[in-house]
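structure.csv follows (CSV, C-alpha atoms):
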```
chain,number,residue,atom,x,y,z
A,1,MET,CA,126.8,82.6,75.9
A,2,SER,CA,127.3,85.8,73.9
A,3,GLN,CA,123.5,86.1,73.8
A,4,VAL,CA,123.4,85.9,77.6
A,5,LEU,CA,126.1,88.6,78.0
A,6,GLU,CA,124.3,90.8,75.4
A,7,MET,CA,121.1,90.5,77.3
A,8,ASN,CA,122.8,91.3,80.6
A,9,GLU,CA,124.2,94.5,79.1
A,10,ARG,CA,120.7,95.7,78.2
A,11,GLY,CA,120.0,96.7,81.7
A,12,SER,CA,118.3,93.7,83.1
A,13,ARG,CA,119.2,92.4,86.5
A,14,PRO,CA,119.7,88.7,86.4
A,15,ALA,CA,121.7,88.6,89.6
A,16,ALA,CA,118.9,90.3,91.5
A,17,ALA,CA,116.3,88.1,89.8
A,18,GLY,CA,118.0,85.1,91.1
A,19,ALA,CA,118.6,86.4,94.6
A,20,PRO,CA,116.8,84.6,97.4
A,21,ALA,CA,113.4,86.1,98.4
A,22,SER,CA,113.6,88.4,101.3
A,23,PRO,CA,111.9,87.3,104.5
A,24,ALA,CA,108.2,87.5,104.9
A,25,HIS,CA,106.7,90.7,106.3
A,26,ALA,CA,109.6,92.6,104.8
A,27,GLU,CA,107.4,95.3,103.2
A,28,THR,CA,108.2,98.9,104.2
A,29,LYS,CA,105.4,101.1,105.5
A,30,THR,CA,105.1,102.5,102.0
A,31,GLY,CA,104.6,98.9,100.7
A,32,ILE,CA,102.0,98.1,103.3
A,33,PHE,CA,100.2,101.3,102.5
A,34,ALA,CA,100.3,100.7,98.7
A,35,ILE,CA,99.2,97.0,99.0
A,36,THR,CA,96.5,97.6,101.5
A,37,TYR,CA,95.1,100.6,99.5
A,38,SER,CA,95.0,98.4,96.4
A,39,ILE,CA,93.1,95.6,98.2
A,40,ALA,CA,90.7,97.9,100.0
A,41,PHE,CA,89.8,100.2,97.1
A,42,PRO,CA,88.1,97.6,94.9
A,43,LEU,CA,86.2,96.1,97.8
A,44,LEU,CA,85.0,99.5,99.0
A,45,TYR,CA,84.2,100.7,95.4
A,46,THR,CA,82.1,97.5,94.8
A,47,ALA,CA,80.3,97.9,98.1
A,48,PHE,CA,79.6,101.7,97.5
A,49,GLU,CA,78.4,101.0,94.0
A,50,ARG,CA,76.1,98.2,95.0
A,51,LEU,CA,74.8,100.2,98.0
A,52,ASN,CA,74.7,103.3,95.8
A,53,TRP,CA,76.6,105.4,98.2
A,54,PRO,CA,78.2,108.2,96.3
A,55,LEU,CA,79.9,111.0,98.2
A,56,PHE,CA,78.3,113.4,95.8
A,57,THR,CA,76.0,113.4,92.8
A,58,TYR,CA,76.9,115.4,89.6
A,59,HIS,CA,74.0,116.7,87.4
A,60,PRO,CA,75.6,117.2,84.0
A,61,VAL,CA,72.8,119.1,82.5
A,62,LEU,CA,72.9,121.8,85.1
A,63,GLY,CA,76.5,121.4,86.1
A,64,ASN,CA,75.5,121.1,89.8
A,65,VAL,CA,77.1,119.0,92.5
A,66,ASP,CA,75.0,117.8,95.4
A,67,PHE,CA,76.2,116.1,98.5
A,68,TRP,CA,75.5,112.3,98.8
A,69,ARG,CA,72.8,110.8,96.5
A,70,GLN,CA,70.4,113.1,94.8
A,71,SER,CA,68.5,111.4,92.1
A,72,ALA,CA,66.0,114.1,91.5
A,73,GLY,CA,66.9,117.0,89.1
A,74,VAL,CA,67.1,117.9,85.5
A,75,GLY,CA,68.7,115.2,83.3
A,76,PRO,CA,70.5,112.1,84.4
A,77,PRO,CA,72.3,112.1,87.8
A,78,MET,CA,75.9,110.8,87.7
A,79,PHE,CA,77.1,108.9,90.8
A,80,TRP,CA,80.3,107.3,89.4
A,81,TYR,CA,82.5,110.2,90.5
A,82,GLY,CA,81.0,110.1,94.0
A,83,TRP,CA,81.6,106.3,94.4
A,84,ILE,CA,85.3,106.7,93.3
A,85,VAL,CA,86.0,109.6,95.6
A,86,LEU,CA,84.3,108.0,98.6
A,87,ALA,CA,86.1,104.6,97.9
A,88,ALA,CA,89.5,106.4,97.4
A,89,ALA,CA,89.1,108.3,100.7
A,90,ALA,CA,88.0,105.3,102.7
A,91,ALA,CA,90.8,103.1,101.2
A,92,PHE,CA,93.3,105.8,102.1
A,93,VAL,CA,92.1,105.7,105.8
A,94,VAL,CA,92.2,101.9,105.8
A,95,ALA,CA,95.7,101.9,104.3
A,96,LEU,CA,96.9,104.4,106.8
A,97,ALA,CA,95.5,102.4,109.6
A,98,ALA,CA,97.2,99.3,108.2
A,99,THR,CA,100.6,100.8,108.7
A,100,THR,CA,100.0,101.0,112.4
A,101,ILE,CA,99.4,97.4,113.1
A,102,SER,CA,101.6,94.3,113.0
A,103,ALA,CA,102.2,92.5,109.8
A,104,GLN,CA,100.6,89.2,111.0
A,105,ARG,CA,97.5,91.1,112.4
A,106,LEU,CA,97.2,93.0,109.1
A,107,ARG,CA,97.2,89.8,107.0
A,108,GLN,CA,94.6,88.1,109.2
A,109,THR,CA,92.5,91.3,109.3
A,110,THR,CA,92.6,91.3,105.5
A,111,VAL,CA,91.3,87.7,105.4
A,112,PHE,CA,88.6,88.7,107.8
A,113,CYS,CA,87.5,91.7,105.9
A,114,CYS,CA,87.5,89.9,102.5
A,115,ALA,CA,85.5,87.0,104.0
A,116,LEU,CA,83.1,89.6,105.5
A,117,ALA,CA,82.7,91.3,102.1
A,118,VAL,CA,81.5,88.1,100.6
A,119,LEU,CA,79.5,86.7,103.5
A,120,TRP,CA,77.5,89.8,104.4
A,121,PRO,CA,75.7,90.2,101.1
A,122,ALA,CA,75.5,86.4,100.8
A,123,ALA,CA,73.8,86.2,104.2
A,124,LEU,CA,71.4,89.0,103.4
A,125,ALA,CA,70.5,87.3,100.1
A,126,GLY,CA,70.1,84.0,101.9
A,127,LEU,CA,67.8,85.6,104.5
A,128,ARG,CA,65.7,87.1,101.7
A,129,ILE,CA,65.3,83.7,100.0
A,130,PHE,CA,64.4,82.2,103.4
A,131,ILE,CA,61.7,84.9,104.0
A,132,LEU,CA,60.2,84.4,100.5
A,133,ASP,CA,60.3,80.7,100.0
A,134,TRP,CA,60.7,78.9,103.4
A,135,ALA,CA,59.4,80.9,106.3
A,136,THR,CA,56.1,79.8,107.7
A,137,PHE,CA,55.7,82.8,109.9
A,138,ASP,CA,56.1,86.6,109.4
A,139,ALA,CA,59.8,86.8,109.1
A,140,GLU,CA,60.1,90.3,107.6
A,141,PHE,CA,62.1,91.4,110.6
A,142,LEU,CA,64.9,89.2,109.3
A,143,ASN,CA,65.1,91.3,106.1
A,144,SER,CA,67.8,93.6,107.6
A,145,PRO,CA,71.5,94.1,106.9
A,146,TRP,CA,72.1,94.2,110.6
A,147,VAL,CA,70.5,90.7,111.1
A,148,ALA,CA,72.6,89.4,108.2
A,149,ALA,CA,75.7,90.9,109.9
A,150,VAL,CA,75.4,88.4,112.7
A,151,PRO,CA,76.1,85.2,110.6
A,152,ALA,CA,78.5,87.2,108.4
A,153,PHE,CA,80.7,88.3,111.3
A,154,ALA,CA,80.5,84.8,112.8
A,155,GLY,CA,81.4,83.2,109.5
A,156,ALA,CA,84.3,85.6,108.8
A,157,THR,CA,85.7,85.0,112.3
A,158,ALA,CA,85.5,81.3,111.8
A,159,ILE,CA,87.2,81.5,108.4
A,160,THR,CA,90.0,83.7,109.8
A,161,TRP,CA,90.5,81.3,112.7
A,162,LEU,CA,90.4,78.2,110.6
A,163,THR,CA,92.8,79.4,107.9
A,164,GLY,CA,95.4,80.6,110.4
A,165,PRO,CA,98.2,83.1,110.1
A,166,ARG,CA,100.4,81.1,107.7
A,167,PHE,CA,97.6,80.8,105.1
A,168,ALA,CA,96.8,84.6,105.6
A,169,ASP,CA,100.5,85.3,105.0
A,170,ARG,CA,100.6,83.2,101.8
A,171,LEU,CA,97.4,84.8,100.5
A,172,TRP,CA,98.4,88.4,101.3
A,173,THR,CA,99.4,89.8,97.9
A,174,SER,CA,97.0,87.4,96.1
A,175,TRP,CA,94.1,89.7,97.4
A,176,LEU,CA,95.4,92.3,94.9
A,177,LEU,CA,93.9,90.1,92.1
A,178,ILE,CA,91.1,88.4,94.0
A,179,ALA,CA,89.6,91.8,95.2
A,180,PRO,CA,89.3,93.6,91.8
A,181,ILE,CA,88.4,90.4,89.8
A,182,GLY,CA,85.7,89.5,92.5
A,183,GLY,CA,84.5,93.1,92.4
A,184,LEU,CA,84.2,93.0,88.6
A,185,VAL,CA,82.3,89.7,88.7
A,186,VAL,CA,79.8,91.3,91.1
A,187,LEU,CA,79.6,94.6,89.1
A,188,GLY,CA,79.4,92.7,85.8
A,189,TYR,CA,76.6,90.5,87.1
A,190,SER,CA,74.7,93.7,88.1
A,191,LEU,CA,74.9,94.9,84.5
A,192,GLN,CA,73.3,91.7,83.1
A,193,GLN,CA,70.1,93.6,82.3
A,194,TYR,CA,72.0,95.2,79.3
A,195,PHE,CA,73.2,91.9,77.9
A,196,VAL,CA,70.1,89.7,78.2
A,197,ARG,CA,67.5,92.0,76.6
B,1,MET,CA,84.2,127.0,79.5
B,2,ASP,CA,82.2,129.8,78.0
B,3,ILE,CA,85.4,131.7,77.1
B,4,LEU,CA,86.7,128.5,75.5
B,5,PHE,CA,83.5,128.0,73.5
B,6,SER,CA,83.7,131.6,72.2
B,7,VAL,CA,87.0,130.6,70.5
B,8,VAL,CA,86.1,127.1,69.4
B,9,ARG,CA,82.7,125.5,68.6
B,10,GLU,CA,81.5,123.3,71.5
B,11,ASP,CA,81.2,120.1,69.4
B,12,THR,CA,84.6,120.7,67.9
B,13,PHE,CA,86.1,121.1,71.4
B,14,TRP,CA,84.7,117.8,72.5
B,15,ARG,CA,85.9,116.1,69.3
B,16,ILE,CA,89.4,117.5,69.9
B,17,LEU,CA,89.3,116.2,73.5
B,18,LEU,CA,88.2,112.8,72.3
B,19,PHE,CA,91.0,112.7,69.8
B,20,VAL,CA,93.6,113.6,72.4
B,21,HIS,CA,92.0,110.9,74.6
B,22,PHE,CA,92.5,108.4,71.7
B,23,LEU,CA,96.1,109.5,71.1
B,24,LEU,CA,97.0,109.0,74.8
B,25,ALA,CA,95.2,105.7,74.8
B,26,VAL,CA,97.4,104.5,71.9
B,27,GLY,CA,100.5,105.6,73.9
B,28,LEU,CA,99.3,103.8,77.1
B,29,LEU,CA,98.4,100.7,75.1
B,30,ALA,CA,101.8,100.5,73.5
B,31,ALA,CA,103.6,101.0,76.9
B,32,VAL,CA,101.6,98.6,78.8
B,33,SER,CA,101.7,96.0,76.0
B,34,LEU,CA,105.5,96.2,75.8
B,35,GLN,CA,105.8,95.8,79.6
B,36,VAL,CA,103.4,92.9,79.7
B,37,ALA,CA,105.2,91.2,76.9
B,38,SER,CA,108.5,91.5,78.8
B,39,VAL,CA,107.0,90.0,81.9
B,40,LEU,CA,105.2,87.2,80.2
B,41,MET,CA,108.0,86.2,77.8
B,42,PRO,CA,111.2,86.1,79.8
B,43,ALA,CA,114.3,84.6,78.2
B,44,ARG,CA,116.3,82.0,80.0
B,45,GLN,CA,119.9,82.4,80.9
B,46,ALA,CA,122.3,79.4,80.5
B,47,ALA,CA,122.4,79.1,84.3
B,48,GLY,CA,118.6,79.0,84.4
B,49,HIS,CA,117.9,82.5,85.8
B,50,VAL,CA,115.0,84.3,84.2
B,51,ILE,CA,116.0,87.6,82.7
B,52,ASP,CA,114.3,90.4,80.8
B,53,ARG,CA,114.2,90.1,77.0
B,54,SER,CA,112.9,93.6,76.3
B,55,PRO,CA,115.4,95.9,74.6
B,56,MET,CA,114.4,98.4,77.2
B,57,PRO,CA,114.1,97.3,80.9
B,58,ALA,CA,110.4,96.8,81.6
B,59,GLN,CA,110.7,99.0,84.7
B,60,SER,CA,111.3,102.1,82.6
B,61,PHE,CA,107.7,102.0,81.4
B,62,THR,CA,106.2,102.0,85.0
B,63,ILE,CA,106.0,105.8,85.7
B,64,LEU,CA,104.9,106.5,82.1
B,65,ILE,CA,102.1,103.9,82.4
B,66,ILE,CA,101.0,105.4,85.8
B,67,VAL,CA,101.0,108.9,84.5
B,68,LEU,CA,99.2,108.0,81.3
B,69,TYR,CA,96.7,105.8,83.1
B,70,VAL,CA,95.8,108.6,85.6
B,71,LEU,CA,95.7,111.2,82.8
B,72,GLN,CA,93.5,108.9,80.7
B,73,ALA,CA,91.1,108.2,83.6
B,74,LEU,CA,90.8,112.0,84.3
B,75,MET,CA,90.2,112.8,80.6
B,76,GLY,CA,87.8,109.9,80.4
B,77,ALA,CA,85.9,111.2,83.4
B,78,TRP,CA,85.7,114.6,81.8
B,79,ILE,CA,84.5,113.3,78.4
B,80,TYR,CA,82.1,111.0,80.3
B,81,VAL,CA,79.9,114.0,81.1
B,82,LYS,CA,79.3,114.5,77.4
B,83,TYR,CA,78.9,110.8,76.8
B,84,ARG,CA,76.2,110.6,79.6
B,85,THR,CA,74.0,113.3,78.0
B,86,TYR,CA,74.9,113.3,74.3
B,87,VAL,CA,75.8,109.7,73.5
B,88,ARG,CA,74.2,107.3,76.0
B,89,ILE,CA,70.7,108.6,75.8
B,90,PRO,CA,70.4,108.1,72.0
B,91,MET,CA,72.3,104.8,72.4
B,92,GLU,CA,69.5,103.6,74.8
B,93,GLU,CA,66.8,105.0,72.5
B,94,LEU,CA,68.2,103.0,69.6
B,95,ARG,CA,68.5,99.9,71.9
B,96,HIS,CA,72.3,99.5,71.6
B,97,TRP,CA,72.2,97.6,74.9
B,98,TRP,CA,75.4,95.7,74.5
B,99,THR,CA,77.3,98.9,73.8
B,100,VAL,CA,75.8,100.7,76.8
B,101,GLY,CA,76.5,97.7,79.1
B,102,SER,CA,80.0,97.2,77.9
B,103,PHE,CA,80.7,100.9,78.4
B,104,GLU,CA,79.2,100.8,81.9
B,105,PHE,CA,81.5,97.8,82.6
B,106,LYS,CA,84.4,99.8,81.3
B,107,GLU,CA,83.9,102.4,84.0
B,108,HIS,CA,84.3,99.7,86.6
B,109,VAL,CA,87.3,98.1,84.9
B,110,VAL,CA,89.1,101.5,84.7
B,111,THR,CA,88.3,102.2,88.3
B,112,MET,CA,89.7,98.8,89.5
B,113,GLY,CA,92.8,99.5,87.5
B,114,MET,CA,93.2,102.9,89.1
B,115,GLY,CA,92.9,101.2,92.5
B,116,LEU,CA,95.7,98.8,91.6
B,117,LEU,CA,98.2,101.6,90.6
B,118,PRO,CA,99.8,102.1,94.1
B,119,ALA,CA,100.6,98.4,94.4
B,120,TYR,CA,101.7,98.3,90.8
B,121,TRP,CA,104.1,101.2,91.4
B,122,TYR,CA,105.4,99.6,94.6
B,123,PHE,CA,106.1,96.2,93.0
B,124,TRP,CA,107.9,97.8,90.0
B,125,ARG,CA,110.2,99.8,92.3
B,126,GLN,CA,112.4,96.7,92.7
B,127,PRO,CA,111.8,94.8,89.4
B,128,GLY,CA,114.6,92.3,90.1
B,129,SER,CA,113.1,91.2,93.4
B,130,ALA,CA,112.0,87.6,93.3
B,131,GLU,CA,109.7,88.0,96.3
B,132,HIS,CA,107.0,89.8,94.3
B,133,ALA,CA,107.7,88.5,90.8
B,134,GLY,CA,104.5,86.5,90.5
B,135,ILE,CA,102.1,89.2,91.7
B,136,ARG,CA,104.0,91.9,89.8
B,137,ARG,CA,103.5,90.0,86.6
B,138,TRP,CA,99.8,89.4,87.2
B,139,VAL,CA,99.1,93.0,88.4
B,140,THR,CA,100.7,94.2,85.1
B,141,VAL,CA,98.6,91.7,83.1
B,142,PHE,CA,95.5,93.0,84.8
B,143,LEU,CA,96.4,96.6,84.0
B,144,ALA,CA,97.1,95.6,80.4
B,145,LEU,CA,93.8,93.8,80.0
B,146,SER,CA,91.9,96.8,81.6
B,147,VAL,CA,93.6,99.2,79.1
B,148,TRP,CA,92.9,96.9,76.1
B,149,TYR,CA,89.3,96.4,77.1
B,150,SER,CA,88.8,100.1,77.6
B,151,PHE,CA,90.4,100.9,74.3
B,152,VAL,CA,88.1,98.5,72.3
B,153,VAL,CA,84.9,99.5,74.1
B,154,GLY,CA,85.8,103.2,73.9
B,155,HIS,CA,86.4,102.8,70.2
B,156,VAL,CA,83.0,101.1,69.7
B,157,ALA,CA,81.3,103.9,71.6
B,158,ASN,CA,83.2,106.5,69.5
B,159,ASP,CA,81.9,104.8,66.3
B,160,PHE,CA,78.4,105.3,67.6
B,161,ARG,CA,78.8,109.1,68.1
B,162,GLY,CA,82.3,110.5,68.2
B,163,VAL,CA,85.2,111.5,66.0
B,164,GLY,CA,84.6,110.5,62.4
B,165,SER,CA,81.2,108.9,63.1
```
Here is a file; write its structure as structure tokens.
Amino acid sequence: MSQVLEMNERGSRPAAAGAPASPAHAETKTGIFAITYSIAFPLLYTAFERLNWPLFTYHPVLGNVDFWRQSAGVGPPMFWYGWIVLAAAAAFVVALAATTISAQRLRQTTVFCCALAVLWPAALAGLRIFILDWATFDAEFLNSPWVAAVPAFAGATAITWLTGPRFADRLWTSWLLIAPIGGLVVLGYSLQQYFVR
Amino acid sequence: MDILFSVVREDTFWRILLFVHFLLAVGLLAAVSLQVASVLMPARQAAGHVIDRSPMPAQSFTILIIVLYVLQALMGAWIYVKYRTYVRIPMEELRHWWTVGSFEFKEHVVTMGMGLLPAYWYFWRQPGSAEHAGIRRWVTVFLALSVWYSFVVGHVANDFRGVGS
């Protein structure tokens, strides 16, 4: 008991820790902004890195900064800064927009966007496999991100509808771990060339 | 930079910067490790409520961790310019592929950690709240792992060509 009292005096808050959870959707606008930003940023960063969309390119040998992607030049081009700045700016806009919609809509939109982030590249990869290994006609027109967008959007809509608002609500903060870990899996896989030589 | 290099030699300047980066990394590592220990090893009260065991409340590290993390990311981004031209190219020529790959992955790990900082800050504003206890714990663990990974990989890269190598 004395140990318990001693621990309480150290500044911990056992009473608050044991307090009942506040009702769902209780986040303030600051909380919604912070959580949405932290979910959107890893998804956008992964997408921009994989698409190689930097806002700018830095050429360290010359000390030049060029808008967008400029591979040509003296020495190696550096895109990393450009991916980060673009992802940060885009996540900021997304997080700001998130504060203007209802909590339930936000959670379902998050499920939709995360499902889309997985399904879109998967659909494109699937189409490319189909074109190479299965198609018996000239299916090159299918090799387009816009064609892949059709099944991806349909799949993401179906997932959002099937999972429902309660599941979206339960999953809401879990995206904070799913998004960066998923992003790191994708980005780590893209670096396999260094580890299998 | 030219004015600076007229006072101190260029390679000395980068070594000093790298050393400061290392010192800040040790501070960040200590802070985030203490915080993660306090969230992973809570003591139990007689009544069954989970309480903090740390001699300092874990919350007190939050702002320090955020400031050090951002500072470290900025310093790392600055030093990265030198790494890209002065370290990575010879690393590739000498076929140190694992070191190059691990360092490339470190960039992504640090970036993901940076993206998590707003949510991390938000969850630690009310450390006693039971509502976000689980996600607060795991976001903190993620940040700690990102710091540890970056420290180890950075140290390996430094051993290739850096302070004392």
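With only the atoms specified (only C-alpha atoms) counting, those residues at most 9 Å away from (92.8, 94.3, 93.0) are Ser38, Ile39, Ala40, Phe41, Pro42, Leu43, Ser174, Trp175, Leu176, Leu177, Ile178, Ala179, Pro180, Ile181, Gly182 and Gly183 of chain A; Met112, Gly113, Gly115, Leu116, Ala119, Val139 and Phe142 of chain B.
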If we count all atoms listed in the file, what is near Phe56 (chain A) at a cut-off of 12 Å, once residues fewer than 2 positions away on the same chain are taken out, given as a ChimeraX atom specification? /A:48,52-54,58-59,64-71,77-87
Could you state the separation of CA of Val7 (chain B) and CA of Met75 (chain B) in Å, given to one decimal place?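 Taking CA of Val7 (chain B) as the start and CA of Met75 (chain B) as the end point, the length is 20.7 Å.
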Please indicate the distance in Å from CA of Arg136 (chain B) to CA of Pro165 (chain A), rounded to one decimal place.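 CA of Pro165 (chain A) lies 22.9 Å from CA of Arg136 (chain B).
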How far is it from CA of Trp148 (chain B) to CA of Val67 (chain B), in Å with one decimal? 16.7 Å
Would you kindly return, as a PDB file with C-alpha atoms, keeping the file's coordinate frame, each protein, DNA or RNA residue with an atom no farther than 12 Å from any atom of Ala30 (chain B), considering all atoms listed in the file and excluding same-chain residues fewer than 4 positions away?
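Wrote selection-v4.pdb, looks like this:
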```pdb
ATOM      1  CA  LEU B  23      96.100 109.500  71.100  1.00  0.00           C
ATOM      2  CA  LEU B  24      97.000 109.000  74.800  1.00  0.00           C
ATOM      3  CA  ALA B  25      95.200 105.700  74.800  1.00  0.00           C
ATOM      4  CA  VAL B  26      97.400 104.500  71.900  1.00  0.00           C
ATOM      5  CA  LEU B  34     105.500  96.200  75.800  1.00  0.00           C
ATOM      6  CA  GLN B  35     105.800  95.800  79.600  1.00  0.00           C
ATOM      7  CA  VAL B  36     103.400  92.900  79.700  1.00  0.00           C
ATOM      8  CA  ALA B  37     105.200  91.200  76.900  1.00  0.00           C
ATOM      9  CA  PHE B  61     107.700 102.000  81.400  1.00  0.00           C
ATOM     10  CA  LEU B  64     104.900 106.500  82.100  1.00  0.00           C
ATOM     11  CA  ILE B  65     102.100 103.900  82.400  1.00  0.00           C
ATOM     12  CA  LEU B  68      99.200 108.000  81.300  1.00  0.00           C
ATOM     13  CA  ALA B 144      97.100  95.600  80.400  1.00  0.00           C
ATOM     14  CA  VAL B 147      93.600  99.200  79.100  1.00  0.00           C
ATOM     15  CA  TRP B 148      92.900  96.900  76.100  1.00  0.00           C
ATOM     16  CA  PHE B 151      90.400 100.900  74.300  1.00  0.00           C
TER      17      PHE B 151
END
```
